[in-house]
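To be precise, the following lines are protein31.tsv, and they hold TSV, C-alpha atoms.
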```tsv
chain	number	residue	atom	x	y	z
M	1	MET	CA	0.00	0.00	0.00
M	2	GLN	CA	1.25	3.48	-0.89
M	3	ILE	CA	0.23	6.88	0.45
M	4	ARG	CA	-1.73	7.69	-2.71
M	5	ASP	CA	-3.87	4.57	-2.11
M	6	VAL	CA	-5.24	6.03	1.13
M	7	HIS	CA	-8.45	8.02	0.57
M	8	ASN	CA	-7.93	11.61	1.53
M	9	PRO	CA	-10.69	14.26	1.19
M	10	TRP	CA	-7.95	16.85	0.65
M	11	ARG	CA	-6.96	15.12	-2.61
M	12	ASP	CA	-10.61	15.04	-3.70
M	13	ARG	CA	-10.84	18.84	-3.44
M	14	TYR	CA	-7.41	19.65	-4.89
M	15	GLN	CA	-7.59	21.65	-8.14
M	16	THR	CA	-5.22	23.39	-10.53
M	17	ALA	CA	-4.45	26.96	-9.51
M	18	SER	CA	-5.07	29.87	-11.89
M	19	PHE	CA	-5.48	33.61	-12.05
M	20	ARG	CA	-7.58	35.04	-14.87
M	21	GLY	CA	-7.26	31.68	-16.61
M	22	ALA	CA	-3.44	31.60	-16.47
M	23	PHE	CA	-2.49	28.32	-14.80
M	24	PHE	CA	0.37	27.75	-12.34
M	25	HIS	CA	1.48	25.24	-9.70
M	26	VAL	CA	1.38	26.19	-6.02
M	27	GLU	CA	4.10	25.40	-3.51
M	28	THR	CA	2.46	27.32	-0.65
M	29	ASP	CA	-0.44	29.69	-0.20
M	30	ALA	CA	-1.24	31.70	2.91
M	31	ARG	CA	-4.41	33.57	3.74
M	32	ALA	CA	-4.73	36.38	6.25
M	33	SER	CA	-7.61	38.44	7.57
M	34	GLY	CA	-9.20	39.19	10.93
M	35	ARG	CA	-10.90	42.16	12.49
M	36	ARG	CA	-9.88	45.79	12.14
M	37	VAL	CA	-9.57	47.21	15.62
M	38	ALA	CA	-9.23	50.84	16.65
M	39	LEU	CA	-7.67	50.93	20.09
M	40	HIS	CA	-8.65	53.91	22.24
M	41	GLU	CA	-6.42	54.59	25.22
M	42	TYR	CA	-7.38	57.52	27.41
M	43	PRO	CA	-5.18	59.67	29.63
M	44	LYS	CA	-5.50	59.05	33.38
M	45	ARG	CA	-7.51	55.89	32.68
M	46	ASP	CA	-6.29	52.30	32.97
M	47	ASP	CA	-9.13	50.81	30.96
M	48	PRO	CA	-8.73	50.96	27.16
M	49	TYR	CA	-11.54	50.55	24.65
M	50	ALA	CA	-11.09	48.39	21.54
M	51	GLU	CA	-13.55	49.40	18.82
M	52	ASP	CA	-14.51	46.82	16.19
M	53	MET	CA	-14.19	48.50	12.79
M	54	GLY	CA	-15.30	45.47	10.74
M	55	ARG	CA	-13.58	42.61	9.00
M	56	ALA	CA	-10.17	43.23	7.47
M	57	ALA	CA	-9.73	42.51	3.77
M	58	ARG	CA	-8.68	38.95	3.03
M	59	ARG	CA	-5.15	38.73	1.67
M	60	PHE	CA	-3.60	35.83	-0.19
M	61	GLN	CA	0.16	35.25	-0.48
M	62	VAL	CA	0.97	32.57	-3.03
M	63	GLN	CA	4.30	30.98	-3.86
M	64	GLY	CA	3.91	29.26	-7.19
M	65	TYR	CA	6.02	27.85	-9.94
M	66	LEU	CA	5.95	27.01	-13.63
M	67	ILE	CA	7.95	24.13	-15.04
M	68	GLY	CA	8.35	22.26	-18.30
M	69	PRO	CA	9.00	22.92	-21.97
M	70	ASN	CA	6.19	25.52	-22.20
M	71	TYR	CA	6.99	27.40	-19.00
M	72	LEU	CA	8.17	30.52	-20.84
M	73	GLN	CA	4.79	30.97	-22.59
M	74	GLN	CA	2.96	30.15	-19.36
M	75	LYS	CA	5.10	32.71	-17.51
M	76	ASP	CA	4.27	35.41	-20.07
M	77	ALA	CA	0.54	34.60	-19.81
M	78	LEU	CA	0.61	34.73	-16.00
M	79	ILE	CA	2.55	38.01	-15.94
M	80	SER	CA	0.02	39.53	-18.36
M	81	ALA	CA	-2.80	38.37	-16.08
M	82	LEU	CA	-1.07	39.81	-13.00
M	83	GLU	CA	-0.47	43.17	-14.67
M	84	ALA	CA	-3.96	43.54	-16.18
M	85	ASP	CA	-6.19	46.30	-14.83
M	86	GLY	CA	-9.07	45.54	-12.47
M	87	PRO	CA	-10.10	42.49	-10.47
M	88	GLY	CA	-9.77	38.88	-11.57
M	89	ILE	CA	-10.71	35.42	-10.39
M	90	LEU	CA	-8.13	33.54	-8.29
M	91	ARG	CA	-8.43	29.77	-8.04
M	92	LEU	CA	-6.24	28.10	-5.44
M	93	PRO	CA	-5.58	24.36	-5.06
M	94	MET	CA	-7.68	24.30	-1.92
M	95	PRO	CA	-10.64	26.57	-2.71
M	96	TYR	CA	-11.15	29.34	-0.17
M	97	MET	CA	-14.46	28.59	1.56
M	98	GLY	CA	-15.23	26.20	-1.30
M	99	GLU	CA	-15.08	28.72	-4.13
M	100	ASP	CA	-12.88	30.92	-6.27
M	101	VAL	CA	-12.21	34.46	-5.08
M	102	GLU	CA	-12.44	37.80	-6.89
M	103	VAL	CA	-9.21	39.62	-6.09
M	104	MET	CA	-6.94	42.46	-7.09
M	105	ALA	CA	-3.41	41.38	-7.93
M	106	GLY	CA	-0.78	43.22	-5.93
M	107	THR	CA	2.94	42.90	-6.23
M	108	TYR	CA	4.63	39.85	-7.67
M	109	SER	CA	8.14	38.63	-8.33
M	110	VAL	CA	9.52	36.02	-10.72
M	111	THR	CA	12.77	34.21	-9.94
M	112	GLU	CA	14.69	32.14	-12.47
M	113	SER	CA	18.07	30.53	-11.90
M	114	ARG	CA	20.67	28.70	-13.91
M	115	GLU	CA	20.61	25.73	-11.52
M	116	LYS	CA	16.88	25.28	-12.04
M	117	GLY	CA	16.67	25.77	-15.79
M	118	GLY	CA	13.27	25.16	-17.31
M	119	MET	CA	11.31	26.60	-14.41
M	120	CYS	CA	10.55	29.80	-12.53
M	121	VAL	CA	9.28	30.57	-9.04
M	122	LEU	CA	6.66	33.27	-8.48
M	123	GLU	CA	5.71	35.16	-5.34
M	124	MET	CA	2.27	36.76	-5.73
M	125	ASP	CA	0.13	38.89	-3.41
M	126	PHE	CA	-3.63	39.24	-3.87
M	127	THR	CA	-6.26	41.24	-1.97
M	128	GLU	CA	-9.97	40.49	-1.81
M	129	TYR	CA	-11.83	42.80	-4.21
M	130	GLY	CA	-15.13	43.07	-2.34
M	131	THR	CA	-17.72	45.68	-3.23
M	132	PRO	CA	-17.31	49.46	-3.43
M	133	GLY	CA	-18.67	51.38	-0.44
M	134	PHE	CA	-20.07	54.00	-2.79
M	135	SER	CA	-21.11	54.26	-6.38
M	136	ALA	CA	-20.86	57.22	-8.71
M	137	ASN	CA	-24.18	56.12	-10.21
M	138	ALA	CA	-25.95	55.77	-6.88
M	139	ALA	CA	-28.74	58.30	-6.46
M	140	SER	CA	-28.71	60.36	-3.30
M	141	ILE	CA	-31.37	62.72	-2.13
M	142	ASP	CA	-30.28	66.30	-1.55
M	143	THR	CA	-33.07	67.34	0.82
M	144	GLN	CA	-31.74	70.86	1.34
M	145	GLY	CA	-31.48	71.42	-2.41
M	146	ALA	CA	-34.94	69.93	-2.98
M	147	ILE	CA	-36.47	72.27	-0.40
M	148	SER	CA	-34.65	75.28	-1.88
M	149	ASN	CA	-35.86	74.40	-5.39
M	150	ALA	CA	-39.41	73.91	-4.14
M	151	ALA	CA	-39.29	77.28	-2.31
M	152	ARG	CA	-38.04	79.04	-5.45
M	153	GLY	CA	-40.86	77.42	-7.40
M	154	VAL	CA	-43.44	78.66	-4.87
M	155	GLU	CA	-41.92	82.16	-4.96
M	156	ALA	CA	-42.05	82.23	-8.76
M	157	MET	CA	-45.63	80.95	-8.79
M	158	THR	CA	-46.64	83.53	-6.16
M	159	ALA	CA	-44.99	86.33	-8.14
M	160	THR	CA	-46.85	85.22	-11.30
M	161	MET	CA	-50.14	85.15	-9.45
M	162	MET	CA	-49.52	88.59	-7.92
M	163	GLU	CA	-48.87	90.06	-11.37
M	164	ARG	CA	-52.29	88.84	-12.54
M	165	ILE	CA	-54.10	90.57	-9.72
```
Since I need it in another form, could you write the structure as structure tokens?
Amino acid sequence: MQIRDVHNPWRDRYQTASFRGAFFHVETDARASGRRVALHEYPKRDDPYAEDMGRAARRFQVQGYLIGPNYLQQKDALISALEADGPGILRLPMPYMGEDVEVMAGTYSVTESREKGGMCVLEMDFTEYGTPGFSANAASIDTQGAISNAARGVEAMTATMMERI
């Protein structure tokens, strides 16, 4: 019996990693998040107050590699994906919470060496994209402006009526 003969749910879920459809192998991936905390410490008071400011953005640090006769083309495709504008879909070998994640690509580095010809190692940082807290298209009600416009309309209508009298 060999290790691969033992059923392992981890192997069942393992998938090929990719970003924007550019595939790569993963050596390690690390995820980080938590809560954003604003710590308030007051003068002449021994009791601080930690204010919960919401969940911190999820961050993904991935060490990947490309290997084989086509690694140069794969490297170019992955670099193009990493440098493209806007968010993209990140698929990791072990899906985060069971699904792919929409992320913004941050910094990356590519390392190639003479000793390891035919392959490159990549360090990539990604940040959860999320949803914007505001939208330029979102309608907002300007109550002060609406009241001012309505008042001007009443003044104009009153002036018109007074002229007729």
What separation in Å, quoted to one decimal, exists between atom CA of Ser109 of chain M and atom CA of Tyr65 of chain M?
->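 These atoms are spaced 11.1 Å apart.
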Using all atoms listed in the file, pick whichever of M:Glu123, M:Ala56, M:Ile141, M:His7 has the shortest atom-to-atom distance to Ser33 of chain M.
->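 Checking each candidate against Ser33 of chain M, we get M:Ala56 as the closest.
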Residue among M:Gly54, M:Gly145, M:Gly88, M:Gly106 lying closest to Phe126 of chain M, counting all atoms listed in the file | M:Gly106
Do a neighbour search on segment 22-26 of chain M at 8 Å with all atoms listed in the file, toss out local chain neighbours closer than 6 positions, and write the hits as a short mmCIF file (atom, residue, chain, number, x, y, z; two decimals) with C-alpha atoms, keeping the file's coordinate frame.
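Ended up saving to result15.cif:
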```
data_model
loop_
_atom_site.label_atom_id
_atom_site.label_comp_id
_atom_site.auth_asym_id
_atom_site.auth_seq_id
_atom_site.Cartn_x
_atom_site.Cartn_y
_atom_site.Cartn_z
CA THR M 16 -5.22 23.39 -10.53
CA VAL M 62 0.97 32.57 -3.03
CA GLN M 63 4.30 30.98 -3.86
CA GLY M 64 3.91 29.26 -7.19
CA TYR M 65 6.02 27.85 -9.94
CA LEU M 66 5.95 27.01 -13.63
CA GLN M 74 2.96 30.15 -19.36
CA ALA M 77 0.54 34.60 -19.81
CA LEU M 78 0.61 34.73 -16.00
CA ALA M 81 -2.80 38.37 -16.08
CA LEU M 92 -6.24 28.10 -5.44
CA PRO M 93 -5.58 24.36 -5.06
#
```
Go ahead and compute the interatomic distance for atom CA of Phe19 of chain M and atom CA of Met124 of chain M, in Å to one decimal.
-> 10.5 Å
Ile67 of chain M surroundings by all atoms listed in the file, 7 Å radius, close-in-sequence under 5 positions cut, as a list in words | Gly118, Met119 and Cys120 of chain M
Just how far from atom CA of Glu27 of chain M is atom CA of Asp12 of chain M, in Å to one decimal?
->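 Value for the atom CA of Asp12 of chain M-atom CA of Glu27 of chain M distance: 18.0 Å.
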Which is closer to Asp29 of chain M than all the others in M:Phe60, M:Tyr129, M:Tyr108, M:Tyr71, using all atoms listed in the file?
->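 Ranking M:Phe60, M:Tyr129, M:Tyr108, M:Tyr71 by distance to Asp29 of chain M, first place goes to M:Phe60.
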Coordinates of box centre and edge lengths for segment 146-164 of chain M, 6 Å on every side, axis-aligned, as JSON:
```
{"center_x": -43.5, "center_y": 80.0, "center_z": -6.5, "size_x": 29.6, "size_y": 32.1, "size_z": 24.1}
```
Choose the residue, out of M:Ser18, M:Arg55, M:Ala150, M:Ala38, that has the smallest atom-to-atom separation from Glu102 of chain M; count all atoms listed in the file.
->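 Closest to Glu102 of chain M of all the choices is M:Ser18.
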Which of M:Arg20, M:Arg58, M:Lys116, M:Arg164 sits closest to Pro87 of chain M [using all atoms listed in the file] |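 Using all atoms listed in the file, Pro87 of chain M sits closest to M:Arg20.
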